[in-house]
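Student: Got a structure for you, entry-v9.cif, holding mmCIF, C-alpha atoms.
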data_structure
#
loop_
_atom_site.label_atom_id
_atom_site.label_comp_id
_atom_site.auth_asym_id
_atom_site.auth_seq_id
_atom_site.Cartn_x
_atom_site.Cartn_y
_atom_site.Cartn_z
CA MET H 1 0.00 0.00 0.00
CA GLU H 2 1.28 3.45 -0.93
CA ALA H 3 0.26 6.37 1.29
CA ARG H 4 2.31 9.22 -0.16
CA HIS H 5 0.46 12.30 -1.37
CA TYR H 6 1.11 14.12 -4.64
CA TYR H 7 -0.30 17.56 -4.02
CA LEU H 8 -2.28 19.46 -6.63
CA ASN H 9 -1.10 22.96 -5.79
CA ALA H 10 -2.89 24.85 -8.57
CA CYS H 11 -5.38 24.14 -11.34
CA GLY H 12 -6.14 25.92 -14.61
CA ILE H 13 -9.20 24.88 -16.58
CA ILE H 14 -10.96 25.87 -19.79
CA CYS H 15 -13.86 23.93 -21.28
CA ALA H 16 -17.42 24.35 -22.54
CA LEU H 17 -18.43 25.57 -19.07
CA GLY H 18 -16.10 28.54 -19.34
CA GLU H 19 -12.61 29.68 -18.46
CA GLY H 20 -11.14 29.61 -14.97
CA ALA H 21 -12.15 28.07 -11.68
CA GLN H 22 -14.73 30.66 -10.71
CA GLN H 23 -16.77 30.55 -13.91
CA VAL H 24 -16.57 26.79 -14.34
CA ARG H 25 -17.54 26.06 -10.74
CA ALA H 26 -20.44 28.53 -10.78
CA ARG H 27 -21.99 26.99 -13.89
CA LEU H 28 -21.31 23.44 -12.70
CA PHE H 29 -23.08 23.87 -9.37
CA ALA H 30 -25.89 25.82 -11.05
CA GLY H 31 -26.52 22.86 -13.36
CA GLU H 32 -25.86 24.87 -16.55
CA SER H 33 -24.70 22.71 -19.44
CA GLY H 34 -22.05 24.12 -21.77
CA LEU H 35 -23.20 22.08 -24.77
CA ALA H 36 -24.45 23.77 -27.94
CA VAL H 37 -25.89 22.46 -31.19
CA THR H 38 -23.77 23.14 -34.28
CA ALA H 39 -22.93 21.71 -37.70
CA GLN H 40 -19.42 23.21 -37.67
CA PHE H 41 -17.67 19.83 -37.55
CA SER H 42 -20.37 17.77 -39.27
CA PRO H 43 -21.57 19.53 -42.43
CA GLY H 44 -25.21 18.77 -43.11
CA ARG H 45 -25.79 17.34 -39.64
CA GLU H 46 -26.28 19.31 -36.45
CA LEU H 47 -24.78 17.83 -33.29
CA ALA H 48 -24.54 18.88 -29.66
CA LEU H 49 -20.87 19.60 -28.92
CA GLY H 50 -18.91 21.00 -26.00
CA GLY H 51 -17.01 23.78 -27.74
CA VAL H 52 -14.93 26.42 -25.96
CA GLN H 53 -16.36 29.90 -26.57
CA ALA H 54 -13.70 31.92 -24.73
CA GLU H 55 -11.15 33.94 -26.70
CA LEU H 56 -7.91 31.98 -26.83
CA PRO H 57 -4.35 33.35 -26.53
CA SER H 58 -2.47 34.49 -29.61
CA LEU H 59 -0.06 31.98 -31.09
CA ALA H 60 1.98 34.56 -33.01
CA HIS H 61 4.97 34.10 -30.70
CA LEU H 62 5.15 30.36 -31.39
CA PRO H 63 7.03 28.75 -34.28
CA PRO H 64 4.70 27.51 -37.06
CA ALA H 65 5.13 23.90 -35.95
CA GLN H 66 3.47 24.71 -32.62
CA ARG H 67 0.55 26.83 -33.83
CA SER H 68 -2.61 24.84 -33.19
CA ARG H 69 -5.91 25.37 -31.42
CA ASN H 70 -4.90 22.53 -29.14
CA ASN H 71 -1.84 24.45 -27.99
CA ALA H 72 -3.91 27.62 -27.62
CA LEU H 73 -6.20 25.77 -25.21
CA ALA H 74 -3.16 24.58 -23.26
CA LEU H 75 -1.81 28.14 -23.05
CA ALA H 76 -5.20 29.41 -21.85
CA ALA H 77 -5.17 26.91 -18.97
CA LEU H 78 -1.52 27.67 -18.20
CA ALA H 79 -2.19 31.42 -18.00
CA GLN H 80 -4.44 30.85 -14.98
CA ILE H 81 -1.64 29.22 -12.96
CA ARG H 82 1.46 30.71 -14.60
CA PRO H 83 2.65 32.53 -11.44
CA GLN H 84 2.58 29.32 -9.39
CA VAL H 85 4.38 27.37 -12.14
CA ASP H 86 7.04 30.04 -12.56
CA ALA H 87 7.55 30.11 -8.79
CA ALA H 88 8.02 26.33 -8.72
CA ILE H 89 10.59 26.51 -11.52
CA ALA H 90 12.48 29.24 -9.66
CA ARG H 91 12.35 27.29 -6.41
CA PHE H 92 13.29 23.82 -7.67
CA GLY H 93 15.25 24.60 -10.82
CA ALA H 94 14.22 24.12 -14.44
CA ASP H 95 15.77 20.65 -14.60
CA ARG H 96 13.69 19.47 -11.62
CA VAL H 97 10.30 20.31 -13.20
CA GLY H 98 8.56 18.18 -15.82
CA VAL H 99 5.56 18.32 -18.15
CA VAL H 100 3.33 15.27 -18.65
CA LEU H 101 0.07 15.66 -20.56
CA GLY H 102 -2.64 13.63 -22.25
CA THR H 103 -4.06 14.39 -25.70
CA SER H 104 -5.63 12.55 -28.60
CA THR H 105 -6.07 15.20 -31.28
CA SER H 106 -3.13 17.59 -30.98
CA GLY H 107 -3.16 19.64 -34.23
CA ILE H 108 -5.33 17.40 -36.41
CA ALA H 109 -7.75 20.30 -36.97
CA GLU H 110 -4.98 22.32 -38.59
CA THR H 111 -4.24 19.42 -40.95
CA GLU H 112 -7.92 19.26 -41.90
CA THR H 113 -7.87 22.96 -42.75
CA ALA H 114 -4.67 22.54 -44.75
CA MET H 115 -6.09 19.65 -46.76
CA ARG H 116 -9.22 21.62 -47.61
CA HIS H 117 -6.96 24.45 -48.83
CA ARG H 118 -4.93 22.00 -50.89
CA LYS H 119 -8.07 20.64 -52.52
CA VAL H 120 -9.02 24.13 -53.70
CA HIS H 121 -5.60 25.65 -54.45
CA GLY H 122 -3.50 22.62 -55.27
CA GLU H 123 -1.00 23.25 -52.51
CA LEU H 124 -0.76 23.36 -48.74
CA PRO H 125 -1.04 26.80 -47.10
CA ARG H 126 2.22 28.46 -46.09
CA GLN H 127 1.28 28.56 -42.41
CA PHE H 128 0.79 24.80 -42.26
CA HIS H 129 3.51 22.66 -40.72
CA TYR H 130 3.22 18.88 -40.52
CA SER H 131 4.51 18.90 -36.95
CA GLN H 132 1.40 20.76 -35.80
CA GLN H 133 -0.27 17.36 -35.49
CA GLU H 134 2.61 15.76 -33.56
CA MET H 135 1.14 14.23 -30.38
CA GLY H 136 4.03 15.48 -28.27
CA SER H 137 3.46 19.08 -29.36
CA PRO H 138 1.59 20.41 -26.28
CA ALA H 139 4.18 19.10 -23.84
CA SER H 140 7.18 20.32 -25.80
CA MET H 141 5.51 23.69 -26.42
CA LEU H 142 4.75 24.26 -22.73
CA ALA H 143 8.24 23.14 -21.72
CA GLU H 144 9.81 25.58 -24.18
CA GLN H 145 7.56 28.45 -23.16
CA LEU H 146 8.31 27.89 -19.48
CA GLY H 147 12.00 27.05 -19.85
CA ILE H 148 11.44 23.64 -18.28
CA GLN H 149 14.33 21.20 -18.75
CA GLY H 150 12.92 18.13 -17.01
CA PRO H 151 11.03 15.28 -18.70
CA ALA H 152 8.36 16.47 -21.15
CA TYR H 153 6.10 13.99 -22.89
CA VAL H 154 2.52 13.08 -23.79
CA HIS H 155 0.30 10.06 -23.19
CA SER H 156 -2.13 9.28 -26.00
CA SER H 157 -4.38 6.39 -25.06
CA ALA H 158 -7.71 7.94 -26.09
CA CYS H 159 -10.04 8.73 -23.16
CA SER H 160 -7.67 7.53 -20.42
CA SER H 161 -4.80 9.73 -21.65
CA SER H 162 -4.76 12.46 -19.04
CA ALA H 163 -5.47 10.12 -16.11
CA LYS H 164 -2.41 8.15 -17.16
CA ALA H 165 -0.48 11.41 -17.54
CA MET H 166 -1.31 12.41 -13.97
CA ALA H 167 -0.28 8.99 -12.71
CA SER H 168 2.99 9.33 -14.62
CA ALA H 169 3.57 12.76 -13.09
CA ALA H 170 3.20 11.30 -9.63
CA ARG H 171 5.66 8.54 -10.48
CA LEU H 172 8.24 11.10 -11.63
CA ILE H 173 8.02 12.75 -8.21
CA LYS H 174 8.01 9.39 -6.41
CA MET H 175 11.17 8.28 -8.24
CA GLY H 176 12.95 11.53 -7.39
CA LEU H 177 13.26 12.61 -11.02
CA CYS H 178 11.16 15.74 -10.50
CA ASP H 179 10.16 18.00 -7.62
CA ALA H 180 7.17 19.39 -9.52
CA VAL H 181 5.29 18.45 -12.69
CA LEU H 182 2.87 20.40 -14.86
CA THR H 183 0.31 17.74 -15.71
CA GLY H 184 -3.20 17.27 -17.07
CA GLY H 185 -4.64 17.12 -20.56
CA VAL H 186 -5.79 19.05 -23.60
CA ASP H 187 -7.88 18.18 -26.65
CA SER H 188 -9.57 20.22 -29.36
CA LEU H 189 -12.60 19.65 -31.53
CA CYS H 190 -12.01 18.56 -35.10
CA GLY H 191 -13.88 16.87 -37.91
CA PHE H 192 -11.77 13.73 -37.59
CA THR H 193 -13.03 12.77 -34.14
CA VAL H 194 -16.62 13.80 -34.83
CA ALA H 195 -16.67 11.72 -38.01
CA GLY H 196 -14.96 8.79 -36.32
CA PHE H 197 -17.43 8.52 -33.48
CA SER H 198 -20.29 9.13 -35.90
CA ALA H 199 -19.09 6.15 -37.95
CA LEU H 200 -19.35 4.06 -34.78
CA GLU H 201 -22.94 5.31 -34.36
CA SER H 202 -21.92 6.59 -30.92
CA VAL H 203 -22.72 10.30 -31.34
CA SER H 204 -25.92 11.89 -30.06
CA ALA H 205 -27.45 14.82 -31.92
CA VAL H 206 -28.93 16.07 -28.64
CA PRO H 207 -27.28 16.62 -25.24
CA CYS H 208 -26.08 13.30 -23.85
CA ASN H 209 -28.22 11.50 -21.32
CA PRO H 210 -26.03 9.18 -19.21
CA MET H 211 -27.75 6.34 -17.35
CA SER H 212 -31.08 7.00 -19.05
CA ALA H 213 -33.12 4.32 -20.81
CA LEU H 214 -33.27 6.86 -23.66
CA ARG H 215 -29.52 7.52 -23.92
CA LYS H 216 -28.27 7.84 -27.50
CA GLY H 217 -24.53 8.32 -27.21
CA ILE H 218 -21.83 10.89 -26.60
CA ASN H 219 -21.32 14.57 -27.29
CA ILE H 220 -17.71 15.39 -28.16
CA GLY H 221 -16.10 18.38 -26.47
CA GLU H 222 -12.80 20.20 -26.10
CA GLY H 223 -10.82 21.86 -23.37
CA ALA H 224 -7.79 21.71 -21.11
CA ALA H 225 -7.04 21.23 -17.45
CA LEU H 226 -3.54 21.68 -16.06
CA PHE H 227 -2.34 20.99 -12.52
CA LEU H 228 0.86 21.97 -10.78
CA MET H 229 1.71 18.78 -8.89
CA SER H 230 4.43 18.69 -6.24
CA SER H 231 5.30 17.30 -2.83
CA GLU H 232 4.55 20.68 -1.20
CA PRO H 233 1.31 20.47 0.85
CA ALA H 234 -1.95 21.76 -0.61
CA ALA H 235 -5.64 21.28 0.18
CA VAL H 236 -6.10 18.48 -2.38
CA ALA H 237 -3.78 15.71 -3.49
CA LEU H 238 -3.71 12.86 -5.96
CA CYS H 239 -3.60 10.03 -3.45
CA GLY H 240 -4.10 7.01 -5.63
CA TRP H 241 -4.32 5.81 -9.20
CA GLY H 242 -4.97 2.54 -10.96
CA GLU H 243 -4.44 1.39 -14.53
CA SER H 244 -5.42 -1.74 -16.40
CA SER H 245 -5.80 -3.00 -19.95
CA ASP H 246 -8.43 -5.62 -20.69
CA GLY H 247 -8.12 -5.57 -24.48
CA HIS H 248 -11.69 -6.81 -24.84
CA HIS H 249 -12.56 -4.92 -28.04
CA MET H 250 -11.23 -2.04 -30.10
CA SER H 251 -14.09 0.30 -29.20
CA ALA H 252 -16.39 -1.49 -26.72
CA PRO H 253 -15.74 -2.10 -23.01
CA ASP H 254 -15.63 -5.53 -21.44
CA PRO H 255 -19.27 -6.05 -20.37
CA ALA H 256 -18.13 -7.68 -17.13
CA GLY H 257 -16.02 -4.61 -16.31
CA GLU H 258 -13.12 -6.61 -14.88
CA GLY H 259 -10.53 -4.13 -16.19
CA ALA H 260 -12.48 -1.20 -14.78
CA ARG H 261 -12.76 -2.97 -11.41
CA ILE H 262 -9.01 -3.64 -11.33
CA ALA H 263 -8.19 0.02 -12.04
CA MET H 264 -10.55 1.27 -9.31
CA ALA H 265 -9.27 -1.31 -6.81
CA GLN H 266 -5.65 -0.34 -7.49
CA ALA H 267 -6.47 3.34 -7.00
CA LEU H 268 -8.16 2.65 -3.67
CA GLU H 269 -5.30 0.45 -2.46
CA ARG H 270 -2.67 2.97 -3.47
CA ALA H 271 -4.57 5.75 -1.66
CA GLY H 272 -4.96 3.56 1.42
CA VAL H 273 -8.74 3.97 1.59
CA SER H 274 -11.66 1.58 1.36
CA ALA H 275 -14.55 1.78 -1.08
CA ALA H 276 -16.78 2.77 1.85
CA GLN H 277 -14.70 5.92 2.43
CA ILE H 278 -15.30 7.36 -1.05
CA ASP H 279 -17.69 10.33 -0.79
CA TYR H 280 -18.31 10.86 -4.51
CA ILE H 281 -17.58 9.15 -7.82
CA ASN H 282 -17.19 11.05 -11.08
CA MET H 283 -18.28 8.46 -13.61
CA HIS H 284 -16.85 8.09 -17.08
CA GLY H 285 -20.55 8.21 -17.97
CA THR H 286 -20.44 8.54 -21.74
CA ALA H 287 -24.19 7.83 -22.25
CA THR H 288 -23.45 4.97 -24.62
CA VAL H 289 -25.42 1.80 -24.04
CA GLN H 290 -22.37 -0.35 -23.36
CA ASN H 291 -20.31 2.01 -21.17
CA ASP H 292 -23.13 2.95 -18.82
CA ALA H 293 -24.17 -0.69 -18.39
CA MET H 294 -20.64 -1.84 -17.59
CA GLU H 295 -19.71 1.07 -15.36
CA SER H 296 -22.91 1.13 -13.32
CA ARG H 297 -22.56 -2.58 -12.54
CA VAL H 298 -18.97 -2.18 -11.39
CA ILE H 299 -19.87 0.78 -9.16
CA ALA H 300 -22.87 -0.99 -7.67
CA THR H 301 -20.79 -4.08 -6.90
CA MET H 302 -17.75 -2.27 -5.49
CA PHE H 303 -19.29 0.76 -3.77
CA GLY H 304 -22.97 -0.03 -3.28
CA PRO H 305 -26.03 2.10 -4.06
CA GLU H 306 -25.48 4.88 -1.52
CA VAL H 307 -22.35 6.69 -2.72
CA PRO H 308 -23.25 9.83 -4.76
CA VAL H 309 -22.20 9.57 -8.39
CA SER H 310 -22.52 11.71 -11.49
CA SER H 311 -21.31 12.02 -15.04
CA THR H 312 -20.21 15.56 -15.88
CA LYS H 313 -20.07 14.98 -19.63
CA PRO H 314 -23.51 16.64 -20.10
CA PHE H 315 -21.73 19.83 -18.94
CA THR H 316 -18.50 19.63 -20.96
CA GLY H 317 -19.00 17.02 -23.63
CA HIS H 318 -16.58 14.13 -23.86
CA THR H 319 -13.21 15.85 -24.19
CA LEU H 320 -11.44 12.60 -25.08
CA GLY H 321 -7.74 12.89 -24.17
CA ALA H 322 -8.48 15.80 -21.81
CA ALA H 323 -11.55 14.23 -20.18
CA ALA H 324 -9.86 12.64 -17.17
CA ALA H 325 -7.97 15.83 -16.30
CA ILE H 326 -11.02 18.06 -16.72
CA GLU H 327 -13.12 15.73 -14.56
CA ALA H 328 -10.36 15.58 -11.95
CA ALA H 329 -10.38 19.39 -12.04
CA LEU H 330 -14.13 19.45 -11.36
CA CYS H 331 -13.53 17.19 -8.35
CA TRP H 332 -10.65 19.47 -7.26
CA LEU H 333 -12.96 22.48 -7.43
CA ALA H 334 -15.56 20.71 -5.29
CA MET H 335 -12.91 19.83 -2.69
CA GLN H 336 -11.65 23.34 -2.02
CA ASP H 337 -12.13 25.12 1.30
CA ASP H 338 -14.82 27.42 -0.14
CA ASN H 339 -17.21 24.48 -0.48
CA PRO H 340 -17.72 23.59 3.21
CA GLN H 341 -21.11 21.96 2.57
CA GLY H 342 -19.65 19.60 0.03
CA ARG H 343 -21.78 20.55 -2.95
CA LEU H 344 -21.41 17.87 -5.61
CA PRO H 345 -21.14 18.02 -9.40
CA PRO H 346 -24.71 17.16 -10.42
CA HIS H 347 -25.91 14.50 -12.83
CA LEU H 348 -27.88 16.04 -15.69
CA TRP H 349 -30.33 13.63 -17.33
CA ASP H 350 -34.00 13.14 -18.11
CA GLY H 351 -34.69 10.90 -15.10
CA ALA H 352 -35.89 8.00 -17.24
CA ALA H 353 -34.11 5.23 -15.34
CA ASP H 354 -33.06 2.19 -17.33
CA PRO H 355 -34.55 -0.86 -15.56
CA ALA H 356 -31.68 -2.98 -16.94
CA LEU H 357 -29.15 -1.00 -14.87
CA PRO H 358 -28.55 -1.14 -11.14
CA VAL H 359 -29.95 1.78 -9.15
CA LEU H 360 -27.24 4.31 -8.26
CA ASN H 361 -27.35 7.48 -6.16
CA LEU H 362 -27.21 9.99 -9.03
CA ALA H 363 -26.41 13.42 -7.56
CA ALA H 364 -29.29 15.79 -8.31
CA PRO H 365 -28.69 19.53 -8.91
CA GLY H 366 -28.07 21.11 -5.52
CA ALA H 367 -26.95 17.85 -3.90
CA ALA H 368 -24.47 18.28 -1.06
CA LEU H 369 -22.87 16.10 1.59
CA GLY H 370 -23.43 18.62 4.38
CA ARG H 371 -19.68 18.51 5.08
CA PRO H 372 -16.50 18.94 3.03
CA LEU H 373 -15.90 16.43 0.26
CA ARG H 374 -13.04 14.30 1.58
CA TRP H 375 -12.48 11.53 -0.97
CA ALA H 376 -13.41 11.48 -4.66
CA LEU H 377 -12.81 8.83 -7.31
CA SER H 378 -12.83 9.59 -11.01
CA SER H 379 -12.84 6.84 -13.63
CA SER H 380 -11.89 6.84 -17.32
CA PHE H 381 -12.25 4.04 -19.86
CA ALA H 382 -10.77 4.17 -23.34
CA PHE H 383 -10.70 2.41 -26.70
CA GLY H 384 -8.77 -0.83 -26.68
CA GLY H 385 -9.60 -1.52 -23.04
CA SER H 386 -7.32 1.11 -21.47
CA ASN H 387 -8.79 1.80 -18.03
CA ALA H 388 -7.71 4.34 -15.40
CA ALA H 389 -8.99 5.59 -12.08
CA LEU H 390 -7.83 8.46 -9.86
CA VAL H 391 -8.49 9.01 -6.15
CA LEU H 392 -8.29 12.60 -4.96
CA GLY H 393 -8.26 13.42 -1.26
CA ARG H 394 -8.48 16.48 0.96
CA THR H 395 -5.39 16.72 3.08
CA ALA H 396 -6.54 19.22 5.71
#
Now that the file is in, can you turn its structure into structure tokens?
Tutor:
Amino acid sequence: MEARHYYLNACGIICALGEGAQQVRARLFAGESGLAVTAQFSPGRELALGGVQAELPSLAHLPPAQRSRNNALALAALAQIRPQVDAAIARFGADRVGVVLGTSTSGIAETETAMRHRKVHGELPRQFHYSQQEMGSPASMLAEQLGIQGPAYVHSSACSSSAKAMASAARLIKMGLCDAVLTGGVDSLCGFTVAGFSALESVSAVPCNPMSALRKGINIGEGAALFLMSSEPAAVALCGWGESSDGHHMSAPDPAGEGARIAMAQALERAGVSAAQIDYINMHGTATVQNDAMESRVIATMFGPEVPVSSTKPFTGHTLGAAAAIEAALCWLAMQDDNPQGRLPPHLWDGAADPALPVLNLAAPGAALGRPLRWALSSSFAFGGSNAALVLGRTA
């Protein structure tokens, strides 16, 4: 059992709910979805998507190879915590700070734009650079912008990417390779992902409806969440993580949920807490028939019907490689000192319970523990059977 804490000293977030902790938390607790219907990424077909509406930072100072909307989202999240990150670099030294992120799109949207230009004009636009779609781009860009000389790399394992990135960040600190790590995830909307999930018949044209008998699939979103992780005490820490790979199917989860169970059990063991101590579970909750069935059964078996749970994807959309970090950020926001009543991220749905699923305690808008949120578990399940779970804990 591992009992060491990896403190989350600061958090920057941008997503469909807004930009920054204050705006995101206000809309989350008010039950205001950030989804909007658009045909921008699906010509001829309107879909509900979780797009970021905030103005993003200029990329003019970056070399062409790093100019992507994905990197702009990362810079927007960084700007919110830049003073804390700069202070950590000054305190520990640039070679003792790392960057570990999750992403699945990187600059694919820029390639799509370039190919449309090529179709019309017979050549790629001057501003296009093939390296814009390099998966490692957000980590290398942030490291260069911050002057960080420690490890800088990206995990890309679809929807578990940023959970695995945060686990990797903790391991870098545990092994003594870093004193602090900038970690989290970033992903941006593009036609490629919308078309891909549409081909799987997994995309809902209306806001997603997790756990409902009438659920029709996911809404894709975009955003970024970045944490400054270190061994210096803070109110909230990453206390445990678990990872597994069941390899059941390329795009469908193992119906028995054994890989999901293993990841959750590892996270609990590493945090040194029991399932009964978890106050809240942020579900992967994609609103697909298969995911919700598998996940609800695992939760009911491991944690019972009383623990409050919710899927926050009806607020943000499914942000793919950034999803785990954004959902960890929503838990982090709910665990801060300014939430003494333990208000919980609510579960937005139509209330039409699926009789084929076990009954869970879905957190209604306004739900609160009546005390601070002490332990939260967030789960993420990805294509190919890549499963991850994080346990966050209040340390004071």
Student: Expressed in Å to a single decimal, how great is the separation between atom CA of H:Ser68 and atom CA of H:Gln22?
Tutor: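 According to the coordinates, atom CA of H:Ser68 and atom CA of H:Gln22 are separated by 26.2 Å.
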Student: Which residues of stretch 237-343 of chain H come within 12 Å of stretch 183-187 of chain H, and for each one, what is the closest pair of atoms and their distance in Å to one decimal, counting all atoms listed in the file, sorted by chain and residue number, as a tab-separated table?
Tutor:
residue	atom	partner	partner_atom	distance
H:Leu238	CA	H:Thr183	CA	11.6
H:Gly317	CA	H:Asp187	CA	11.6
H:His318	CA	H:Asp187	CA	10.0
H:Thr319	CA	H:Asp187	CA	6.3
H:Leu320	CA	H:Asp187	CA	6.8
H:Gly321	CA	H:Asp187	CA	5.8
H:Ala322	CA	H:Gly185	CA	4.2
H:Ala323	CA	H:Gly185	CA	7.5
H:Ala324	CA	H:Gly185	CA	7.7
H:Ala325	CA	H:Gly184	CA	5.0
H:Ile326	CA	H:Gly185	CA	7.5
H:Glu327	CA	H:Gly184	CA	10.3
H:Ala328	CA	H:Gly184	CA	9.0
H:Ala329	CA	H:Gly184	CA	9.0
Student: Using only C-alpha atoms, which protein or nucleic acid residues come within 9 Å of stretch 353-370 of chain H? Drop anything in the same chain fewer than 4 positions from it, and give the result as a PyMOL selection string.
Tutor: chain H and resi 29-31+211-214+279+292-294+296-297+299-300+304-311+340-348
Student: Can you translate the PyMOL selection byres ((chain H and resi 373) around 6) into the concrete residues it hits in this file, as JSON, numbers by chain?
Tutor: {"H": [335, 342, 372, 374]}
Student: On this file, the PyMOL selection byres ((chain H and resi 143) around 10) gives some set of residues; write that set as an MDAnalysis selection string.
Tutor: chainID H and resid 94 97:100 137:142 144:153 182
Student: Output as a tab-separated table one row per residue of stretch 199-275 of chain H within 6 Å of stretch 11-18 of chain H: the closest atom pair and its distance in Å to one decimal place, counting only C-alpha atoms, sorted by chain and residue number ascending.
Tutor:
residue	atom	partner	partner_atom	distance
H:Gly223	CA	H:Cys15	CA	4.2
H:Ala224	CA	H:Ile14	CA	5.4
H:Ala225	CA	H:Ile13	CA	4.3
H:Leu226	CA	H:Gly12	CA	5.2
H:Phe227	CA	H:Cys11	CA	4.5
Student: Can you list what the PyMOL selection byres ((chain H and resi 256) around 12) grabs from this structure, as a list in words?
Tutor: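 So the PyMOL selection byres ((chain H and resi 256) around 12) ends up selecting Asp246, His248, Ala252, Pro253, Asp254, Pro255, Gly257, Glu258, Gly259, Ala260, Arg261, Ile262, Gln290, Asn291, Asp292, Ala293, Met294, Glu295, Ser296, Arg297, Val298, Ile299 and Thr301 of chain H.
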Student: Would you mind reading off the distance between atom CA of H:Gln277 and atom CA of H:His5, one decimal, in Å?
Tutor: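 According to the coordinates, atom CA of H:Gln277 and atom CA of H:His5 are separated by 16.9 Å.
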Student: So what do you get for atom CA of H:Arg171 versus atom CA of H:Tyr6, distance-wise?
Tutor: 9.3 Å
Student: Go through H:Ser231, H:Ser204, H:Ser245, H:Asn71 one by one, measure the shortest atom-to-atom distance of each to H:Ala170 using all atoms listed in the file, and give the residue with the smallest value.
Tutor: H:Ser231
Student: Take every atom of stretch 119-134 of chain H listed in the file, fit an axis-aligned box around them, add 6 Å per side, and give the centre and edge lengths in Å to one decimal as JSON.
Tutor:
{"center_x": -2.3, "center_y": 22.2, "center_z": -44.4, "size_x": 25.5, "size_y": 24.8, "size_z": 33.7}
Student: Measuring atom to atom with all atoms listed in the file, identify which of H:Leu47, H:Leu56, H:Ile220, H:Cys178 is nearest to H:Thr316.
Tutor: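 Selected residue with least distance to H:Thr316: H:Ile220.
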Student: H:Pro210, H:Pro125, H:Gly242, H:Gly107: which is nearest H:Ala165, counting all atoms listed in the file?
Tutor: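 Of H:Pro210, H:Pro125, H:Gly242, H:Gly107, the one nearest H:Ala165, counting all atoms listed in the file, is H:Gly242.
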Student: Compare H:Val85, H:Ala90, H:Ala76, H:Ala39 by their minimum atom-to-atom distance to H:Pro57, counting all atoms listed in the file, and give me the closest one.
Tutor: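 Smallest distance to H:Pro57 is found for H:Ala76.
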